[in-house]
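A.B. asks: Next comes the structure file protein-v7.txt, holding compact mmCIF, N, CA and C atoms.
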```txt
# COMPACT_ATOMS: atom_id res chain seq x y z
N MET A 154 -131.42 118.72 54.01
CA MET A 154 -132.81 118.93 53.70
C MET A 154 -133.64 117.80 54.33
N PRO A 155 -133.88 117.85 55.64
CA PRO A 155 -134.62 116.80 56.32
C PRO A 155 -136.11 116.81 55.95
N SER A 156 -136.68 115.63 55.97
CA SER A 156 -138.10 115.51 55.66
C SER A 156 -138.84 114.93 56.85
N LEU A 157 -140.10 115.29 56.97
CA LEU A 157 -140.93 114.89 58.10
C LEU A 157 -142.26 114.39 57.59
N LEU A 158 -142.72 113.28 58.13
CA LEU A 158 -144.06 112.77 57.85
C LEU A 158 -144.94 113.13 59.03
N VAL A 159 -146.00 113.88 58.78
CA VAL A 159 -146.97 114.23 59.81
C VAL A 159 -148.17 113.31 59.64
N VAL A 160 -148.50 112.58 60.68
CA VAL A 160 -149.60 111.62 60.63
C VAL A 160 -150.71 112.10 61.55
N GLY A 161 -151.91 112.23 60.99
CA GLY A 161 -153.07 112.68 61.76
C GLY A 161 -153.52 114.06 61.31
N ALA A 162 -154.73 114.42 61.65
CA ALA A 162 -155.37 115.69 61.32
C ALA A 162 -155.79 115.74 59.85
N ASP A 163 -156.89 116.37 59.57
CA ASP A 163 -157.36 116.49 58.20
C ASP A 163 -156.59 117.55 57.43
N HIS A 164 -156.31 118.66 58.10
CA HIS A 164 -155.59 119.78 57.48
C HIS A 164 -154.50 120.24 58.43
N LEU A 165 -153.38 120.65 57.88
CA LEU A 165 -152.27 121.11 58.71
C LEU A 165 -152.24 122.62 58.90
N GLY A 166 -153.02 123.34 58.11
CA GLY A 166 -153.02 124.80 58.22
C GLY A 166 -151.67 125.36 57.87
N ASN A 167 -151.11 126.20 58.75
CA ASN A 167 -149.81 126.81 58.47
C ASN A 167 -148.65 126.03 59.10
N MET A 168 -148.93 124.84 59.57
CA MET A 168 -147.89 124.03 60.20
C MET A 168 -146.71 123.73 59.27
N PRO A 169 -146.91 123.44 57.98
CA PRO A 169 -145.74 123.20 57.11
C PRO A 169 -144.78 124.39 57.05
N GLU A 170 -145.31 125.60 57.04
CA GLU A 170 -144.44 126.78 57.03
C GLU A 170 -143.67 126.89 58.34
N GLN A 171 -144.34 126.61 59.44
CA GLN A 171 -143.66 126.67 60.74
C GLN A 171 -142.62 125.58 60.87
N LEU A 172 -142.92 124.40 60.33
CA LEU A 172 -141.93 123.31 60.34
C LEU A 172 -140.73 123.65 59.47
N ALA A 173 -140.97 124.35 58.37
CA ALA A 173 -139.87 124.79 57.51
C ALA A 173 -138.96 125.77 58.27
N ASN A 174 -139.55 126.59 59.13
CA ASN A 174 -138.77 127.55 59.91
C ASN A 174 -137.83 126.87 60.90
N ILE A 175 -138.17 125.65 61.34
CA ILE A 175 -137.28 124.96 62.28
C ILE A 175 -136.42 123.91 61.58
N GLY A 176 -136.48 123.88 60.24
CA GLY A 176 -135.54 123.05 59.51
C GLY A 176 -136.08 121.91 58.68
N PHE A 177 -137.38 121.67 58.66
CA PHE A 177 -137.94 120.60 57.85
C PHE A 177 -138.41 121.16 56.52
N ASP A 178 -137.63 120.91 55.48
CA ASP A 178 -137.94 121.46 54.17
C ASP A 178 -139.02 120.67 53.44
N ASP A 179 -139.06 119.38 53.67
CA ASP A 179 -140.04 118.53 52.99
C ASP A 179 -140.99 117.95 54.04
N VAL A 180 -142.25 118.39 54.02
CA VAL A 180 -143.25 117.91 54.96
C VAL A 180 -144.33 117.16 54.20
N MET A 181 -144.47 115.89 54.52
CA MET A 181 -145.54 115.08 53.92
C MET A 181 -146.62 114.88 54.97
N HIS A 182 -147.86 114.74 54.51
CA HIS A 182 -148.98 114.60 55.43
C HIS A 182 -149.79 113.37 55.10
N LEU A 183 -150.10 112.58 56.12
CA LEU A 183 -150.95 111.41 56.02
C LEU A 183 -152.07 111.61 57.04
N SER A 184 -153.29 111.89 56.55
CA SER A 184 -154.37 112.24 57.47
C SER A 184 -154.77 111.08 58.36
N GLY A 185 -154.73 109.87 57.85
CA GLY A 185 -155.13 108.73 58.65
C GLY A 185 -156.62 108.55 58.73
N ARG A 186 -157.36 109.35 58.00
CA ARG A 186 -158.81 109.29 58.04
C ARG A 186 -159.34 108.04 57.34
N LYS A 187 -158.71 107.68 56.23
CA LYS A 187 -159.16 106.53 55.48
C LYS A 187 -158.50 105.25 56.00
N SER A 188 -159.22 104.16 55.94
CA SER A 188 -158.67 102.90 56.43
C SER A 188 -157.48 102.44 55.59
N GLN A 189 -157.40 102.89 54.34
CA GLN A 189 -156.27 102.55 53.47
C GLN A 189 -154.96 103.15 53.98
N SER A 190 -155.04 104.16 54.83
CA SER A 190 -153.84 104.82 55.34
C SER A 190 -152.94 103.85 56.08
N VAL A 191 -153.54 102.88 56.72
CA VAL A 191 -152.76 101.91 57.49
C VAL A 191 -151.84 101.12 56.57
N ARG A 192 -152.30 100.82 55.37
CA ARG A 192 -151.50 100.04 54.43
C ARG A 192 -150.42 100.86 53.74
N LYS A 193 -150.63 102.17 53.60
CA LYS A 193 -149.66 103.01 52.89
C LYS A 193 -148.29 102.98 53.56
N GLY A 194 -148.28 103.26 54.82
CA GLY A 194 -147.03 103.23 55.55
C GLY A 194 -146.17 104.47 55.37
N ILE A 195 -144.94 104.36 55.79
CA ILE A 195 -144.01 105.48 55.78
C ILE A 195 -143.20 105.45 54.48
N PRO A 196 -143.22 106.54 53.71
CA PRO A 196 -142.39 106.60 52.50
C PRO A 196 -140.91 106.49 52.85
N GLU A 197 -140.11 106.08 51.88
CA GLU A 197 -138.70 105.81 52.14
C GLU A 197 -137.84 107.05 52.36
N LYS A 198 -138.22 108.19 51.83
CA LYS A 198 -137.36 109.37 51.94
C LYS A 198 -137.62 110.21 53.19
N ILE A 199 -138.28 109.66 54.17
CA ILE A 199 -138.62 110.38 55.40
C ILE A 199 -137.50 110.24 56.42
N ASP A 200 -137.19 111.36 57.12
CA ASP A 200 -136.15 111.35 58.15
C ASP A 200 -136.71 111.24 59.57
N ALA A 201 -137.98 111.64 59.77
CA ALA A 201 -138.60 111.58 61.09
C ALA A 201 -140.12 111.55 60.92
N VAL A 202 -140.81 111.11 61.97
CA VAL A 202 -142.28 111.00 61.93
C VAL A 202 -142.85 111.77 63.12
N LEU A 203 -143.89 112.55 62.84
CA LEU A 203 -144.62 113.27 63.88
C LEU A 203 -146.05 112.77 63.87
N VAL A 204 -146.52 112.25 65.00
CA VAL A 204 -147.89 111.75 65.12
C VAL A 204 -148.69 112.77 65.92
N LEU A 205 -149.78 113.27 65.32
CA LEU A 205 -150.68 114.18 66.01
C LEU A 205 -151.71 113.33 66.74
N THR A 206 -151.53 113.19 68.03
CA THR A 206 -152.25 112.20 68.82
C THR A 206 -153.75 112.45 68.95
N ASP A 207 -154.18 113.68 68.82
CA ASP A 207 -155.60 113.92 69.00
C ASP A 207 -156.40 113.76 67.71
N TYR A 208 -155.76 113.34 66.63
CA TYR A 208 -156.45 113.16 65.35
C TYR A 208 -156.07 111.85 64.66
N ILE A 209 -155.90 110.78 65.40
CA ILE A 209 -155.46 109.52 64.80
C ILE A 209 -156.05 108.35 65.58
N ASN A 210 -156.33 107.26 64.88
CA ASN A 210 -156.88 106.10 65.58
C ASN A 210 -155.74 105.22 66.11
N HIS A 211 -156.08 104.38 67.06
CA HIS A 211 -155.07 103.56 67.73
C HIS A 211 -154.38 102.57 66.79
N ASN A 212 -155.14 102.01 65.87
CA ASN A 212 -154.56 101.04 64.95
C ASN A 212 -153.49 101.68 64.08
N LEU A 213 -153.76 102.84 63.53
CA LEU A 213 -152.77 103.53 62.69
C LEU A 213 -151.55 103.93 63.52
N THR A 214 -151.78 104.37 64.74
CA THR A 214 -150.66 104.72 65.62
C THR A 214 -149.74 103.53 65.83
N LYS A 215 -150.34 102.38 66.09
CA LYS A 215 -149.57 101.16 66.32
C LYS A 215 -148.76 100.78 65.08
N VAL A 216 -149.39 100.85 63.90
CA VAL A 216 -148.72 100.50 62.65
C VAL A 216 -147.58 101.47 62.35
N ILE A 217 -147.83 102.76 62.47
CA ILE A 217 -146.81 103.77 62.19
C ILE A 217 -145.64 103.63 63.16
N LYS A 218 -145.94 103.38 64.42
CA LYS A 218 -144.89 103.22 65.42
C LYS A 218 -143.99 102.02 65.06
N GLN A 219 -144.59 100.92 64.65
CA GLN A 219 -143.81 99.73 64.28
C GLN A 219 -142.99 99.98 63.01
N GLN A 220 -143.58 100.65 62.03
CA GLN A 220 -142.85 100.94 60.80
C GLN A 220 -141.68 101.88 61.06
N ALA A 221 -141.89 102.88 61.91
CA ALA A 221 -140.80 103.80 62.24
C ALA A 221 -139.68 103.04 62.95
N LYS A 222 -140.04 102.12 63.82
CA LYS A 222 -139.04 101.32 64.52
C LYS A 222 -138.28 100.43 63.54
N ASP A 223 -139.00 99.82 62.60
CA ASP A 223 -138.37 98.95 61.60
C ASP A 223 -137.40 99.73 60.71
N GLN A 224 -137.76 100.98 60.39
CA GLN A 224 -136.91 101.81 59.52
C GLN A 224 -135.91 102.64 60.33
N GLU A 225 -135.91 102.46 61.65
CA GLU A 225 -135.02 103.19 62.56
C GLU A 225 -135.18 104.70 62.42
N LEU A 226 -136.43 105.14 62.37
CA LEU A 226 -136.75 106.56 62.29
C LEU A 226 -137.18 107.08 63.65
N PRO A 227 -136.79 108.29 63.99
CA PRO A 227 -137.31 108.87 65.23
C PRO A 227 -138.78 109.20 65.07
N ILE A 228 -139.56 108.98 66.11
CA ILE A 228 -140.99 109.26 66.07
C ILE A 228 -141.33 110.15 67.26
N TYR A 229 -142.13 111.17 67.00
CA TYR A 229 -142.50 112.16 68.00
C TYR A 229 -144.01 112.23 68.08
N TYR A 230 -144.52 112.52 69.27
CA TYR A 230 -145.95 112.60 69.50
C TYR A 230 -146.29 113.98 70.05
N ALA A 231 -147.37 114.56 69.50
CA ALA A 231 -147.80 115.88 69.96
C ALA A 231 -149.28 116.06 69.64
N LYS A 232 -149.88 117.02 70.30
CA LYS A 232 -151.23 117.43 69.91
C LYS A 232 -151.09 118.33 68.69
N ARG A 233 -152.20 118.74 68.10
CA ARG A 233 -152.13 119.51 66.86
C ARG A 233 -151.68 120.95 67.06
N SER A 234 -151.72 121.47 68.26
CA SER A 234 -151.31 122.86 68.48
C SER A 234 -149.83 123.03 68.20
N TRP A 235 -149.46 124.18 67.64
CA TRP A 235 -148.07 124.43 67.29
C TRP A 235 -147.18 124.38 68.52
N CYS A 236 -147.67 124.87 69.64
CA CYS A 236 -146.89 124.86 70.88
C CYS A 236 -146.50 123.43 71.26
N SER A 237 -147.45 122.52 71.17
CA SER A 237 -147.19 121.12 71.50
C SER A 237 -146.23 120.49 70.49
N VAL A 238 -146.41 120.81 69.22
CA VAL A 238 -145.53 120.27 68.17
C VAL A 238 -144.10 120.76 68.37
N GLN A 239 -143.96 122.04 68.59
CA GLN A 239 -142.63 122.63 68.78
C GLN A 239 -141.95 122.05 70.02
N LYS A 240 -142.71 121.87 71.07
CA LYS A 240 -142.16 121.30 72.29
C LYS A 240 -141.68 119.87 72.06
N ALA A 241 -142.47 119.07 71.32
CA ALA A 241 -142.10 117.68 71.05
C ALA A 241 -140.86 117.61 70.17
N LEU A 242 -140.78 118.44 69.16
CA LEU A 242 -139.67 118.38 68.21
C LEU A 242 -138.40 119.03 68.74
N CYS A 243 -138.53 120.14 69.42
CA CYS A 243 -137.35 120.89 69.82
C CYS A 243 -136.76 120.45 71.15
N SER A 244 -137.44 119.56 71.84
CA SER A 244 -136.87 119.05 73.09
C SER A 244 -135.98 117.83 72.83
N CYS A 245 -135.90 117.42 71.58
CA CYS A 245 -135.13 116.23 71.23
C CYS A 245 -133.86 116.63 70.49
N GLU A 246 -132.76 115.99 70.82
CA GLU A 246 -131.48 116.29 70.18
C GLU A 246 -131.53 116.04 68.68
N HIS A 247 -132.20 114.96 68.28
CA HIS A 247 -132.21 114.56 66.88
C HIS A 247 -132.78 115.66 65.99
N VAL A 248 -133.90 116.24 66.38
CA VAL A 248 -134.53 117.28 65.57
C VAL A 248 -133.76 118.58 65.68
N CYS A 249 -133.27 118.88 66.85
CA CYS A 249 -132.50 120.12 67.00
C CYS A 249 -131.24 120.07 66.13
N LYS A 250 -130.74 118.87 65.90
CA LYS A 250 -129.61 118.71 64.99
C LYS A 250 -130.01 119.09 63.57
N PHE A 251 -131.28 118.77 63.18
CA PHE A 251 -131.78 119.18 61.87
C PHE A 251 -131.79 120.69 61.75
N MET A 252 -132.11 121.36 62.84
CA MET A 252 -132.21 122.81 62.82
C MET A 252 -130.85 123.46 62.59
N GLU A 253 -129.78 122.81 63.03
CA GLU A 253 -128.43 123.37 62.86
C GLU A 253 -127.96 123.31 61.43
N ASN A 254 -128.43 122.33 60.65
CA ASN A 254 -127.97 122.15 59.27
C ASN A 254 -128.57 123.14 58.33
```
Is it possible to express this structure as structure tokens?
C.D. replies:
Amino acid sequence: MPSLLVVGADHLGNMPEQLANIGFDDVMHLSGRKSQSVRKGIPEKIDAVLVLTDYINHNLTKVIKQQAKDQELPIYYAKRSWCSVQKALCSCEHVCKFMEN
């Protein structure tokens, strides 16, 4: 039951359902809109991080990238479109391994 933290965008729309279809049962969302988001960081039960690059500020991107590195989590970057998200996640062995389980 892999979990994914999606960082960026105000609303995910139907993206959580689509992520569930490729194997992510637990999807958490951090909009990054508030300045407090930088301090929150990555929750401990997350298996991977997806950053939506067209809806996030540079400071939060830098902080999330460092936290993912510190926790040894894979981090993926995509635009908000499902095509871009699917391409980012499914072109990597790590996420495709989640899909097999």
A.B. asks: Calculated over all atoms listed in the file, which of the candidates A:Lys215, A:Ile228, A:Leu165, A:Gln239 has the smallest distance to A:Leu203?
C.D. replies: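 Counting all atoms listed in the file, the residue closest to A:Leu203 is A:Ile228.
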A.B. asks: Would you mind listing what lies within 7 Å of A:Val202 as a ChimeraX atom specification, with only N, CA and C atoms counted and same-chain residues fewer than 5 positions away left out?
C.D. replies: /A:156-160,226-230
A.B. asks: Atom CA of A:Ala241 and atom CA of A:Val216, how far apart in Å?
C.D. replies: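 Pair atom CA of A:Val216 / atom CA of A:Ala241 returns 20.2 Å.
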A.B. asks: To one decimal place, how far is atom N of A:Arg192 from atom C of A:Ile217 in Å?
C.D. replies: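 Separation between atom N of A:Arg192 and atom C of A:Ile217: 10.6 Å.
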A.B. asks: Please extract the residues of stretch 162-250 of chain A with a backbone DSSP assignment of strand (DSSP E or B) and present them as a ChimeraX atom specification.
C.D. replies: /A:179-183,201-205,228-231
A.B. asks: I need the residue nearest A:Gly176 from this list: A:Pro155, A:Lys193, A:Thr214, A:Gly161. Use only C-alpha atoms for the distance.
C.D. replies: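 When distances to A:Gly176 are compared using only C-alpha atoms, the smallest one comes from A:Pro155.
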A.B. asks: What is the distance between atom CA of A:His211 and atom CA of A:His182, in Å to one decimal?
C.D. replies: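 Calculated distance between atom CA of A:His211 and atom CA of A:His182 is 17.6 Å.
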A.B. asks: What residues in stretch 165-248 of chain A get the DSSP label alpha helix (DSSP H)? Please answer as an MDAnalysis selection string.
C.D. replies: chainID A and resid 168:174 190:193 211:223 235:243 246:248
